[in-house]
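Here the structure is laid out as structure tokens; the discussion comes afterwards.
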There are 2 protein chains.
Amino acid sequence: MAVIELLKEKNADFFLMHSGNVNFSYATKFKSSATMFYLIGIDGTDLLLLPEMELGRALRESRVKEIASFEKLGYEKKLKELGSPRKAIAEILVERLKEGRAKKVLIPNEFPAFLALELQKIFEVETIENPFYKLRAIKRAEELEKIKQNCSFLLKVFHKFYKRIKSNKKITCDLARRFLEKELFSYGLIAEDTICSTGKLSADPHELGKGKIEDHLLVDVFPRNLRTGYCADFTRTILIRENSEIEEMLKAVIEAQKKAISMLKDGVNGKDVHNAVKDCLKSHGYETRGGEGFIHSTGHGVGLEVHEEPRLSDVDVELKSGMVVTIEPGLYYRKIGGVRVEDLVVIKKDGCEILTPFESFLAVYNP
Amino acid sequence: MAVIELLKEKNADFFLMHSGNVNFSYATKFKSSATMFYLIGIDGTDLLLLPEMELGRALRESRVKEIASFEKLGYEKKLKELGSPRKAIAEILVERLKEGRAKKVLIPNEFPAFLALELQKIFEVETIENPFYKLRAIKRAEELEKIKQNCSFLLKVFHKFYKRIKSNKKITCDLARRFLEKELFSYGLIAEDTICSTGKLSADPHELGKGKIEDHLLVDVFPRNLRTGYCADFTRTILIRENSEIEEMLKAVIEAQKKAISMLKDGVNGKDVHNAVKDCLKSHGYETRGGEGFIHSTGHGVGLEVHEEPRLSDVDVELKSGMVVTIEPGLYYRKIGGVRVEDLVVIKKDGCEILTPFESFLAVYNP
């Protein structure tokens with residue numbers, strides 16, 4: 001198991017995770033809004049700590065070997081002594097680690113500072129990138145199936161949406177967003193903050209969009225499946241009225257995306273893909289400076305979170321078979337607006353499979 | 001402003017918050033999935049730090065006085081030098097704090113450990129409860145209106161649901177959940193993990209429920225409004241077939257809830273309310289031990305999160321006018337099952353207003 005190897009490598013005794021993030025439910029196969037901890041030890045410890053009221057459900061649902069409640073470990077007495085739930089929990093963690101003769105404890109970078117500083121008083125503490133980020137990046141077959149299902153629903157909805165836009169160009173950004181979100185919900189997909197932006201405001205990549213649709217509509221939809229928890233991510237820029245600057249930008253972005261997708265396969269460096277996108281856009285005369293141009297990364301992993309590992313950016317990262325990533329070049333100029341095209345793909349041994357096959361160049365007029 | 005007073009009290013120069021939680025968007029009036037920081041200084045600093053690509057949108061939307069991008073503060077150069085986005089960000093924060101002649105920096109308990117340990121190398125660092133938790137607990141008039149709107153939608157849906165259950169007792173837990181979630185969505189409310197549990201499994205308060213509805217149905221629904229971001233929370237236990245044990249438990253829980261609600265007003269200690277609920281249930285012969293009985297707290301605040309401050313539990317907390325809290329006693333026995341009744345109320349000077357007025361004792365037969 002990856003965590004045990006990490007403990008050996010770091011010469012540490014325990015890895016301690018906290019709840020409140022997707023790594024936790026992925027690692028423990030247990031979901032709750034409660035404060036919980038997951039402890040993995042070089043001595044074989046595999047322990048989920050949680051409030052008594054979650055115990056029965058966790059015993060049925062979680063894959064962790066040993067499950068114990070704070071109450072069983074003296075929470076109530078400690079709460080009375082220390083007067084603070086946080087301090088009582090810290091004390092329980094310290095006692096359990098001492099019992100395991102801990103000297104060095106690994107915690108993820110995002111571990112709560114209060115507890116980190118408490119542990120640091122007694123043990124050697126080292127922050128690490130949570131190994132479950134890397135484990136989550138490569139999808140198992142059943143995870144990939146869930147993402148593919150989302151993509152198939154998403155494309156059905158987008159197909160219906162595009163037909164609607166073609167027949168009614170006077171729709172507002174708000175109505176476009178509601179149409180998409182309502183249709184997606186009928187497939188059990190929750191989309192929130194769906195981007196339907198237009199005009200010059202679309203030069204901000206994350207502008208949600210408002211008002212009447214102007215020359216183009218940038219639609220970025222990233223729903224999560226209510227039942228499976230998995231996400232999808234997809235963007236198209238629809239040309240509504242002729243605007244040669246927007247049209248040229250879109251063509252360059254589509255070419256850059258094609259270039260990136262053609263490079264994808266097991267072993268490729270995500271940074272090289274990102275650089276190829278930058279180069280392609282530059283070769284079309286699109287400079288990036290002063291917060292304009294190609295101002296974000298080329299893509300990111302998608303799974304239980306919309307944004308997860310790996311990132312295709314200025315940082316080296318080896319893309320591996322089974323990773324599901326977006327490829328989403330975009331161009332943004334304040335005096336013109338923004339365009340972006342995004343597909344979701346799964347990396348394969350010798351290439352990649354596009355999970356969101358849909359025409360890239362969309363114009364409701366005859367260009 | 002509360003934070004400045006806290007800085008004075010703690011003799012500290014800065015309070016530094018990180019994004020990724022509701023306090024951040026509440027404090028800055030800016031929502032993004034990006035890594036961001038909010039810095040408040042005793043010297044008047046009021047600074048939002050974020051990636052360049054969020055700058056334009058933040059300048060339009062955020063209430064923070066000064067907004068700067070990591071890129072402007074040398075992110076790219078630092079990334080090249082240090083090879084890690086996290087370290088580059090840490091360096092930017094350290095430089096900005098040094099510029100402000102920081103000696104002591106306050107961070108919230110849940111601040112990321114990696115950054116906390118980096119800051120601690122250079123400054124005195126103290127973890128505190130994020131003051132925005134307390135600020136969020138008391139709702140402004142427009143926040144209360146948003147919560148009231150949710151409650152009114154929720155009651156409409158529950159009314160329809162209850163009628164449906166009365167006419168069709170053979171519905172499954174899954175179908176009940178889907179009906180509720182679909183109807184809520186038509187009002188713009190997202191409900192997830194809606195509890196529709198039955199039989200002995202309902203002895204776990206957070207069991208979602210599955211299979212045919214047995215003698216009773218515990219429905220706990222806690223939707224969030226897609227547009228406003230505010231939540232609601234509501235629970236009813238519907239008696240489906242006669243079961244005298246469940247019926248008696250429900251009557252005791254309703255009486256305990258009435259008792260609790262009658263105590264609510266500005267200045268009351270939440271712990272006293274919790275103790276009154278415990279006493280009332282005990283007086284009906286319901287003991288709490290071994291993970292059975294009344295095994296959770298009496299209630300919690302509801303706002304931008306379903307669970308927020310204040311908590312009505314074993315810990316002292318002064319309830320104040322304008323706080324919106326649940327009152328949700330329950331009883332859980334593994335050989336019988338669980339019942340719970342939950343209403344949302346707003347604390348007032350001399351009492352409280354129930355935001356979810358709906359009959360508490362619901363039986364589809366004639367009891």
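Within each chain, counting starts at residue 1; across the structure tokens, chains are named A, B, ... in the order shown, with ligands numbered 1 upward in that order.
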Please return, as a compact mmCIF listing (two decimals) with N, CA and C atoms, in the first residue's frame, all residues of chain B lying within 6 Å of chain A when only C-alpha atoms are considered.
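This went into result-v3.txt:
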```txt
# COMPACT_ATOMS: atom_id res chain seq x y z
N ASN B 109 -8.04 27.88 13.40
CA ASN B 109 -7.67 26.51 13.78
C ASN B 109 -7.53 25.59 12.58
N GLU B 110 -8.34 25.82 11.55
CA GLU B 110 -8.36 24.91 10.41
C GLU B 110 -7.44 25.37 9.28
N PHE B 111 -6.58 26.36 9.52
CA PHE B 111 -5.62 26.83 8.52
C PHE B 111 -4.71 25.66 8.10
N PRO B 112 -4.29 25.62 6.82
CA PRO B 112 -3.48 24.47 6.38
C PRO B 112 -2.16 24.35 7.15
N ALA B 113 -1.90 23.13 7.63
CA ALA B 113 -0.73 22.88 8.48
C ALA B 113 0.58 23.27 7.80
N PHE B 114 0.71 22.96 6.52
CA PHE B 114 1.96 23.25 5.83
C PHE B 114 2.33 24.72 5.97
N THR B 127 -3.14 29.94 16.81
CA THR B 127 -4.40 29.50 16.18
C THR B 127 -5.56 29.96 17.04
```
Enumerate as an NGL selection string all residues of segment 180-325 of chain B assigned to strand (DSSP E) by DSSP on the backbone, naming them with the chain letters and numbers the document uses.
-> :B and (189-190 or 195-198 or 216-221 or 224-225 or 234-239 or 299-301 or 308-312 or 324-325)
Output of the above residues as a PDB file, in the first residue's frame, restricted to C-alpha atoms:
```
ATOM      1  CA  LEU B 189     -33.148  23.829  -3.588  1.00  0.00           C
ATOM      2  CA  ILE B 190     -30.443  21.166  -3.740  1.00  0.00           C
ATOM      3  CA  ILE B 195     -32.463  10.787   5.084  1.00  0.00           C
ATOM      4  CA  CYS B 196     -35.528   8.616   4.466  1.00  0.00           C
ATOM      5  CA  SER B 197     -34.879   5.778   6.878  1.00  0.00           C
ATOM      6  CA  THR B 198     -37.093   3.120   8.362  1.00  0.00           C
ATOM      7  CA  HIS B 216     -42.179   4.406  10.402  1.00  0.00           C
ATOM      8  CA  LEU B 217     -40.302   6.781   8.121  1.00  0.00           C
ATOM      9  CA  LEU B 218     -37.738   9.248   9.432  1.00  0.00           C
ATOM     10  CA  VAL B 219     -37.363  12.095   6.914  1.00  0.00           C
ATOM     11  CA  ASP B 220     -34.500  14.563   7.466  1.00  0.00           C
ATOM     12  CA  VAL B 221     -34.045  17.026   4.633  1.00  0.00           C
ATOM     13  CA  ARG B 224     -29.227  24.436   0.105  1.00  0.00           C
ATOM     14  CA  ASN B 225     -30.512  27.132  -2.208  1.00  0.00           C
ATOM     15  CA  PHE B 234     -36.191  19.923   8.867  1.00  0.00           C
ATOM     16  CA  THR B 235     -37.098  16.476  10.184  1.00  0.00           C
ATOM     17  CA  ARG B 236     -40.340  14.611  10.736  1.00  0.00           C
ATOM     18  CA  THR B 237     -40.994  11.023  11.753  1.00  0.00           C
ATOM     19  CA  ILE B 238     -44.076   9.634  10.039  1.00  0.00           C
ATOM     20  CA  LEU B 239     -45.812   6.669  11.678  1.00  0.00           C
ATOM     21  CA  GLY B 299     -29.365  21.511  17.693  1.00  0.00           C
ATOM     22  CA  HIS B 300     -27.031  23.664  15.638  1.00  0.00           C
ATOM     23  CA  GLY B 301     -26.982  26.878  13.677  1.00  0.00           C
ATOM     24  CA  GLU B 308     -22.694  25.940  11.841  1.00  0.00           C
ATOM     25  CA  GLU B 309     -22.459  27.935  15.056  1.00  0.00           C
ATOM     26  CA  PRO B 310     -23.986  27.866  17.636  1.00  0.00           C
ATOM     27  CA  ARG B 311     -24.184  24.251  18.858  1.00  0.00           C
ATOM     28  CA  LEU B 312     -26.773  23.418  21.525  1.00  0.00           C
ATOM     29  CA  VAL B 324     -31.106  30.571  13.452  1.00  0.00           C
ATOM     30  CA  VAL B 325     -30.904  27.126  15.062  1.00  0.00           C
TER      31      VAL B 325
END
```
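Minimum atom-to-atom distance to Ser321 of chain A, evaluated using only C-alpha atoms, belongs to A:Ile138 out of A:Val341, A:Ile138, A:Ile122, A:Ile336.
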For segment 141-149 of chain A, please output as number ranges by chain all residues within 10 Å (counting only C-alpha atoms; exclusion window: fewer than 6 positions along the same chain).
-> A: 187, 224-225, 227-233, 302-304, 322-324, 344-346, 354-356
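With atom CA of Gly285 of chain A on one side and atom CA of Ile213 of chain A on the other, the separation reads 27.2 Å.
Between atom CA of Val364 of chain A and atom CA of Lys170 of chain A there is a distance of 12.2 Å.
Selecting alpha helix (DSSP H) from the backbone DSSP output for segment 232-272 of chain B yields Ser244, Glu245, Ile246, Glu247, Glu248, Met249, Leu250, Lys251, Ala252, Val253, Ile254, Glu255, Ala256, Gln257, Lys258, Lys259, Ala260, Ile261, Ser262, Met263, Gly270, Lys271 and Asp272 of chain B.
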Prev. selection, N, CA and C atoms, output as a short mmCIF file (atom, residue, chain, number, x, y, z; two decimals), in the first residue's frame:
```cif
data_model
loop_
_atom_site.label_atom_id
_atom_site.label_comp_id
_atom_site.auth_asym_id
_atom_site.auth_seq_id
_atom_site.Cartn_x
_atom_site.Cartn_y
_atom_site.Cartn_z
N SER B 244 -46.27 0.55 19.12
CA SER B 244 -46.46 1.38 20.32
C SER B 244 -45.14 1.94 20.84
N GLU B 245 -44.04 1.17 20.68
CA GLU B 245 -42.74 1.68 21.18
C GLU B 245 -42.31 2.93 20.42
N ILE B 246 -42.41 2.85 19.08
CA ILE B 246 -42.03 4.01 18.26
C ILE B 246 -42.96 5.20 18.57
N GLU B 247 -44.24 4.92 18.72
CA GLU B 247 -45.22 5.98 18.98
C GLU B 247 -44.91 6.68 20.30
N GLU B 248 -44.60 5.91 21.33
CA GLU B 248 -44.28 6.51 22.64
C GLU B 248 -43.00 7.33 22.56
N MET B 249 -42.01 6.79 21.84
CA MET B 249 -40.75 7.54 21.69
C MET B 249 -41.02 8.87 20.99
N LEU B 250 -41.83 8.82 19.95
CA LEU B 250 -42.12 10.04 19.19
C LEU B 250 -42.82 11.07 20.08
N LYS B 251 -43.78 10.60 20.89
CA LYS B 251 -44.49 11.54 21.78
C LYS B 251 -43.53 12.20 22.77
N ALA B 252 -42.59 11.41 23.30
CA ALA B 252 -41.62 11.96 24.25
C ALA B 252 -40.72 12.99 23.57
N VAL B 253 -40.30 12.68 22.35
CA VAL B 253 -39.42 13.58 21.61
C VAL B 253 -40.15 14.90 21.30
N ILE B 254 -41.42 14.80 20.95
CA ILE B 254 -42.20 16.00 20.66
C ILE B 254 -42.33 16.86 21.92
N GLU B 255 -42.55 16.20 23.06
CA GLU B 255 -42.67 16.95 24.30
C GLU B 255 -41.33 17.63 24.64
N ALA B 256 -40.24 16.89 24.45
CA ALA B 256 -38.91 17.46 24.72
C ALA B 256 -38.64 18.64 23.80
N GLN B 257 -39.07 18.53 22.57
CA GLN B 257 -38.84 19.63 21.63
C GLN B 257 -39.64 20.86 22.05
N LYS B 258 -40.90 20.63 22.47
CA LYS B 258 -41.73 21.76 22.93
C LYS B 258 -41.08 22.46 24.11
N LYS B 259 -40.60 21.65 25.05
CA LYS B 259 -39.93 22.19 26.24
C LYS B 259 -38.75 23.08 25.81
N ALA B 260 -37.92 22.54 24.90
CA ALA B 260 -36.74 23.28 24.45
C ALA B 260 -37.15 24.60 23.78
N ILE B 261 -38.13 24.53 22.91
CA ILE B 261 -38.55 25.72 22.17
C ILE B 261 -39.11 26.77 23.13
N SER B 262 -39.79 26.31 24.18
CA SER B 262 -40.37 27.27 25.14
C SER B 262 -39.29 28.02 25.91
N MET B 263 -38.08 27.45 25.97
CA MET B 263 -36.99 28.10 26.72
C MET B 263 -36.23 29.12 25.89
N GLY B 270 -27.40 27.62 25.62
CA GLY B 270 -27.76 26.45 24.81
C GLY B 270 -27.59 25.15 25.59
N LYS B 271 -26.63 25.12 26.49
CA LYS B 271 -26.39 23.92 27.31
C LYS B 271 -27.59 23.64 28.21
N ASP B 272 -28.21 24.70 28.74
CA ASP B 272 -29.40 24.52 29.59
C ASP B 272 -30.54 23.93 28.77
#
```
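In this structure, atom CA of Ile4 of chain B sits 24.8 Å away from atom CA of Glu91 of chain B.
Nearest residue to Ile89 of chain B, choosing from B:Tyr333, B:Phe158, B:Phe132, B:Phe37 and counting only C-alpha atoms: B:Phe37.
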